[in-house]
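Reproduced below: my_file00.cif, with mmCIF, C-alpha atoms.
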```cif
data_upload
#
loop_
_atom_site.label_atom_id
_atom_site.label_comp_id
_atom_site.auth_asym_id
_atom_site.auth_seq_id
_atom_site.Cartn_x
_atom_site.Cartn_y
_atom_site.Cartn_z
CA MET I 1 81.11 93.27 -47.57
CA ASN I 2 78.79 96.02 -46.31
CA SER I 3 80.44 97.80 -43.39
CA GLY I 4 78.06 100.75 -43.24
CA PHE I 5 80.17 103.14 -45.31
CA GLU I 6 79.20 103.81 -48.92
CA CYS I 7 82.59 104.87 -50.26
CA ASP I 8 85.80 103.06 -50.99
CA PHE I 9 88.87 103.56 -48.83
CA LYS I 10 90.51 106.18 -51.07
CA ASP I 11 87.39 108.34 -51.15
CA PHE I 12 87.00 108.11 -47.38
CA GLU I 13 90.68 108.96 -46.85
CA LYS I 14 90.28 112.12 -48.94
CA LEU I 15 87.30 113.18 -46.84
CA VAL I 16 89.14 112.63 -43.56
CA VAL I 17 92.31 114.42 -44.67
CA ARG I 18 90.35 117.62 -45.33
CA LEU I 19 88.92 117.66 -41.82
CA THR I 20 90.59 119.37 -38.90
CA GLY I 21 91.03 117.65 -35.57
CA LYS I 22 88.21 119.66 -34.03
CA GLU I 23 85.73 118.71 -36.76
CA MET I 24 86.65 115.04 -36.55
CA LYS I 25 86.22 115.16 -32.78
CA LEU I 26 82.72 116.63 -33.18
CA ALA I 27 81.79 113.89 -35.66
CA ARG I 28 83.04 111.18 -33.27
CA LYS I 29 81.11 112.75 -30.37
CA LYS I 30 77.86 112.73 -32.33
CA ALA I 31 78.36 109.08 -33.27
CA LEU I 32 79.11 108.14 -29.66
CA ARG I 33 76.05 110.05 -28.43
CA LYS I 34 73.73 108.23 -30.81
CA GLY I 35 75.19 104.82 -30.01
CA SER I 36 75.06 105.44 -26.26
CA SER I 37 71.47 106.69 -26.40
CA ILE I 38 70.41 103.46 -28.15
CA LEU I 39 72.03 101.41 -25.39
CA VAL I 40 70.36 103.56 -22.70
CA ARG I 41 66.93 103.13 -24.31
CA GLY I 42 67.45 99.37 -24.51
CA THR I 43 68.55 99.22 -20.87
CA ARG I 44 65.51 101.21 -19.73
CA LYS I 45 63.23 98.91 -21.71
CA GLU I 46 64.83 95.81 -20.14
CA LEU I 47 64.67 97.48 -16.71
CA ARG I 48 60.90 97.97 -17.00
CA SER I 49 60.30 94.35 -18.03
CA ALA I 50 62.78 92.66 -15.65
CA GLY I 51 60.18 91.37 -13.22
CA PHE I 52 60.59 93.47 -10.06
CA LYS I 53 58.54 96.40 -8.75
CA PHE I 54 59.51 99.23 -11.09
CA ARG I 55 59.63 102.80 -9.82
CA ARG I 56 59.54 105.81 -12.11
CA TRP I 57 62.88 107.27 -10.92
CA MET I 58 64.71 104.11 -12.01
CA ASP I 59 64.67 105.39 -15.60
CA LYS I 60 66.75 108.36 -14.46
CA ALA I 61 69.34 106.05 -12.89
CA VAL I 62 70.51 104.84 -16.34
CA LYS I 63 72.58 107.55 -18.03
CA TYR I 64 75.47 107.98 -20.42
CA LYS I 65 78.43 110.32 -20.70
CA VAL I 66 80.65 110.98 -23.71
CA HIS I 67 84.22 111.67 -22.63
CA ARG I 68 85.96 114.90 -23.62
CA SER I 69 88.54 113.13 -25.72
CA ALA I 70 85.66 111.74 -27.87
CA ASN I 71 87.32 108.33 -27.91
CA SER I 72 84.81 106.59 -25.66
CA SER I 73 81.59 106.93 -23.72
CA THR I 74 80.25 105.36 -20.54
CA VAL I 75 76.75 104.06 -19.87
CA HIS I 76 76.24 103.63 -16.14
CA LEU I 77 73.53 102.61 -13.70
CA PHE I 78 74.02 105.26 -11.03
CA GLY I 79 72.38 108.32 -12.58
CA ASP I 80 71.87 111.50 -10.60
CA ILE I 81 72.24 110.92 -6.86
CA ARG I 82 69.98 113.87 -5.97
CA GLU I 83 67.01 112.47 -7.87
CA THR I 84 67.02 108.96 -6.43
CA GLY I 85 67.13 109.69 -2.69
CA LYS I 86 67.63 106.83 -0.26
CA ASP I 87 67.28 104.11 -2.91
CA ARG I 88 70.05 105.44 -5.12
CA GLY I 89 72.11 102.24 -5.16
CA ILE I 90 69.27 99.79 -5.65
CA VAL I 91 69.53 99.71 -9.46
CA ARG I 92 73.10 98.46 -9.27
CA TYR I 93 72.08 95.75 -6.80
CA LEU I 94 69.15 94.74 -9.01
CA GLU I 95 71.61 94.20 -11.84
CA VAL I 96 74.16 92.03 -10.03
CA GLY I 97 72.28 90.87 -6.91
CA THR I 98 73.52 90.54 -3.33
CA ASP I 99 74.46 87.83 -0.85
CA GLU I 100 72.31 86.94 2.13
CA ARG I 101 72.30 89.70 4.75
CA TYR I 102 71.47 89.89 8.44
CA ARG I 103 70.32 92.95 10.39
CA SER I 104 72.16 92.68 13.68
CA ILE I 105 75.67 92.06 12.33
CA LYS I 106 77.97 94.85 11.23
CA TYR I 107 81.48 94.35 9.88
CA MET I 108 84.23 96.86 10.62
CA TYR I 109 87.81 96.99 9.45
CA ARG I 110 90.79 97.82 11.65
CA GLY I 111 93.72 97.90 9.30
CA LYS I 112 93.61 94.59 7.49
CA ARG I 113 91.53 92.78 10.13
CA ARG I 114 87.80 92.33 9.65
CA ILE I 115 85.86 92.58 12.91
CA LYS I 116 82.32 91.25 13.24
CA ARG I 117 80.20 93.25 15.69
CA VAL I 118 76.65 92.62 16.91
CA ILE I 119 74.72 95.87 17.29
CA ILE I 120 72.75 96.05 20.54
CA GLY I 121 69.19 97.29 20.25
CA ARG I 122 68.72 96.40 16.61
CA LYS I 123 66.20 93.71 15.74
CA LYS I 124 68.02 90.53 14.83
CA GLY I 125 67.23 88.29 11.92
CA TYR I 126 67.48 87.62 8.25
CA SER I 127 67.04 90.75 6.12
CA GLY I 128 67.07 89.13 2.71
CA ARG I 129 68.89 88.72 -0.51
CA ILE I 130 68.41 90.56 -3.81
CA LYS I 131 68.26 88.40 -6.91
CA GLY I 132 70.29 89.67 -9.88
CA TYR I 133 68.19 90.41 -12.98
CA ASP I 134 70.98 91.17 -15.53
CA PHE I 135 68.89 93.71 -17.44
CA PHE I 136 71.95 95.76 -18.47
CA ALA I 137 73.81 92.72 -19.79
CA ASN I 138 70.73 91.64 -21.77
CA ALA I 139 70.35 95.10 -23.29
CA ARG I 140 74.04 95.22 -24.19
CA ASP I 141 73.89 91.83 -25.89
CA ASN I 142 70.66 92.61 -27.77
CA SER I 143 71.68 96.02 -29.10
CA ALA I 144 75.42 95.60 -29.80
CA ILE I 145 75.06 95.21 -33.58
CA GLN I 146 72.51 98.02 -33.80
CA VAL I 147 74.80 100.39 -31.87
CA GLN I 148 77.74 99.65 -34.18
CA ASN I 149 75.64 100.20 -37.31
CA VAL I 150 74.22 103.50 -36.05
CA MET I 151 77.66 104.74 -35.06
CA ASN I 152 79.11 103.85 -38.47
CA THR I 153 76.31 105.54 -40.42
CA THR I 154 76.37 108.63 -38.18
CA LEU I 155 80.13 109.00 -38.49
CA ASP I 156 79.91 108.61 -42.27
CA PHE I 157 77.08 111.16 -42.49
CA GLU I 158 78.86 113.72 -40.29
CA ILE I 159 82.14 113.42 -42.18
CA ARG I 160 80.38 113.87 -45.52
CA LYS I 161 78.34 116.82 -44.19
CA ILE I 162 81.40 118.64 -42.84
CA SER I 163 83.51 117.96 -45.94
CA PHE I 164 80.80 119.19 -48.33
CA LEU I 165 80.35 122.40 -46.35
CA LYS I 166 84.02 123.30 -46.93
#
```

Would you write out, as structure tokens, the structure that this file holds?
Amino acid sequence: MNSGFECDFKDFEKLVVRLTGKEMKLARKKALRKGSSILVRGTRKELRSAGFKFRRWMDKAVKYKVHRSANSSTVHLFGDIRETGKDRGIVRYLEVGTDERYRSIKYMYRGKRRIKRVIIGRKKGYSGRIKGYDFFANARDNSAIQVQNVMNTTLDFEIRKISFLK
């Protein structure tokens, strides 16, 4: 079975034992960065070809972050709030979609009660519904195997590089 590593378990165990916790953490971070960047590129590609009017800043809305513990990373659709302006939440809504909305109705909450209020002076009528495009889910499904393979090879390469430098 080819799992991405080119050494048997005993050889790999010897390499890992020689590493300190800090070096192992750096190796895991590099592997997570490479895997996350592949997922981000796939998401941006799906975002461009999803079928809605694409704007250039939407690429910046898809970002990743590797956590300090180096045990996980997060790829999210919110990006930098300063760069997206008034449309900053639209990428999330394009992913999952919305229900039908109306302009003149506003819902407020008083404790646990939900109060429906009609706003005077606002034009009434149907304001639309956003269809969900599922570009992030498609990218995740298409690149899952590739991400795992890249992370395995990167981790193997980094461990070997650090252990041979000692």

Excluding same-chain residues fewer than 4 positions from Lys131 of chain I, what lies within 7 Å of it counting all atoms listed in the file, as a ChimeraX atom specification? /I:94,97-98

Starting from the displayed file, determine the output of the PyMOL selection byres ((chain I and resi 66) around 9) and express the residue list as JSON, numbers by chain. {"I": [29, 32, 33, 36, 64, 65, 67, 68, 69, 70, 71, 72, 73, 74, 75]}

Take the PyMOL selection byres ((chain I and resi 154) around 8), run it mentally on this structure, and tell me the resulting residues as a PyMOL selection string. chain I and resi 27+30-31+34+150-153+155-158

List the residues sitting within 6 Å of (78.6, 93.9, 12.5) in the file's frame, using all atoms listed in the file, as a PDB file with C-alpha atoms, in the coordinates of the input.
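Done, and the output landed in point-v5.pdb:
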```
ATOM      1  CA  ILE I 105      75.670  92.060  12.330  1.00  0.00           C
ATOM      2  CA  LYS I 106      77.970  94.850  11.230  1.00  0.00           C
ATOM      3  CA  TYR I 107      81.480  94.350   9.880  1.00  0.00           C
ATOM      4  CA  LYS I 116      82.320  91.250  13.240  1.00  0.00           C
ATOM      5  CA  ARG I 117      80.200  93.250  15.690  1.00  0.00           C
ATOM      6  CA  VAL I 118      76.650  92.620  16.910  1.00  0.00           C
TER       7      VAL I 118
END
```

Pairwise distance for atom CA of Gly128 of chain I and atom CA of Asp99 of chain I, rounded to one decimal in Å: 8.3 Å

Using atom CA of Gly35 of chain I and atom CA of Ala139 of chain I as the two end points, give the distance in Å to one decimal.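 Atom CA of Ala139 of chain I lies 12.8 Å from atom CA of Gly35 of chain I.
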
What separation in Å, quoted to one decimal, exists between atom CA of Arg140 of chain I and atom CA of Trp57 of chain I? 21.1 Å

Around (62.9, 103.5, -13.5), as given in the file, which residues come within 10 Å? Count only C-alpha atoms and list them as a PDB file with C-alpha atoms, in the coordinates of the input.
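This is the output file point_35.pdb:
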```
ATOM      1  CA  ARG I  44      65.510 101.210 -19.730  1.00  0.00           C
ATOM      2  CA  LYS I  45      63.230  98.910 -21.710  1.00  0.00           C
ATOM      3  CA  LEU I  47      64.670  97.480 -16.710  1.00  0.00           C
ATOM      4  CA  ARG I  48      60.900  97.970 -17.000  1.00  0.00           C
ATOM      5  CA  LYS I  53      58.540  96.400  -8.750  1.00  0.00           C
ATOM      6  CA  PHE I  54      59.510  99.230 -11.090  1.00  0.00           C
ATOM      7  CA  ARG I  55      59.630 102.800  -9.820  1.00  0.00           C
ATOM      8  CA  ARG I  56      59.540 105.810 -12.110  1.00  0.00           C
ATOM      9  CA  TRP I  57      62.880 107.270 -10.920  1.00  0.00           C
ATOM     10  CA  MET I  58      64.710 104.110 -12.010  1.00  0.00           C
ATOM     11  CA  ASP I  59      64.670 105.390 -15.600  1.00  0.00           C
ATOM     12  CA  LYS I  60      66.750 108.360 -14.460  1.00  0.00           C
ATOM     13  CA  ALA I  61      69.340 106.050 -12.890  1.00  0.00           C
ATOM     14  CA  VAL I  62      70.510 104.840 -16.340  1.00  0.00           C
ATOM     15  CA  THR I  84      67.020 108.960  -6.430  1.00  0.00           C
ATOM     16  CA  VAL I  91      69.530  99.710  -9.460  1.00  0.00           C
TER      17      VAL I  91
END
```

List the spatial neighbours of Asp134 of chain I as a PDB file with C-alpha atoms, in the frame of the given file - criterion: any atom at most 7 Å away, all atoms listed in the file, same-chain residues fewer than 2 positions off excluded.
```
ATOM      1  CA  GLU I  95      71.610  94.200 -11.840  1.00  0.00           C
ATOM      2  CA  VAL I  96      74.160  92.030 -10.030  1.00  0.00           C
ATOM      3  CA  GLY I 132      70.290  89.670  -9.880  1.00  0.00           C
ATOM      4  CA  PHE I 136      71.950  95.760 -18.470  1.00  0.00           C
ATOM      5  CA  ALA I 137      73.810  92.720 -19.790  1.00  0.00           C
ATOM      6  CA  ASN I 138      70.730  91.640 -21.770  1.00  0.00           C
TER       7      ASN I 138
END
```

Counting all atoms listed in the file, the option among I:Ile38, I:Leu26, I:Lys63, I:Arg92 closest to Asn149 of chain I: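 Looking at the shortest contact to Asn149 of chain I, the residue is I:Ile38.
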
Report as a PyMOL selection string the full result of the PyMOL selection byres ((chain I and resi 143) around 10) when it is applied to this structure. chain I and resi 35+38-43+138-142+144-148
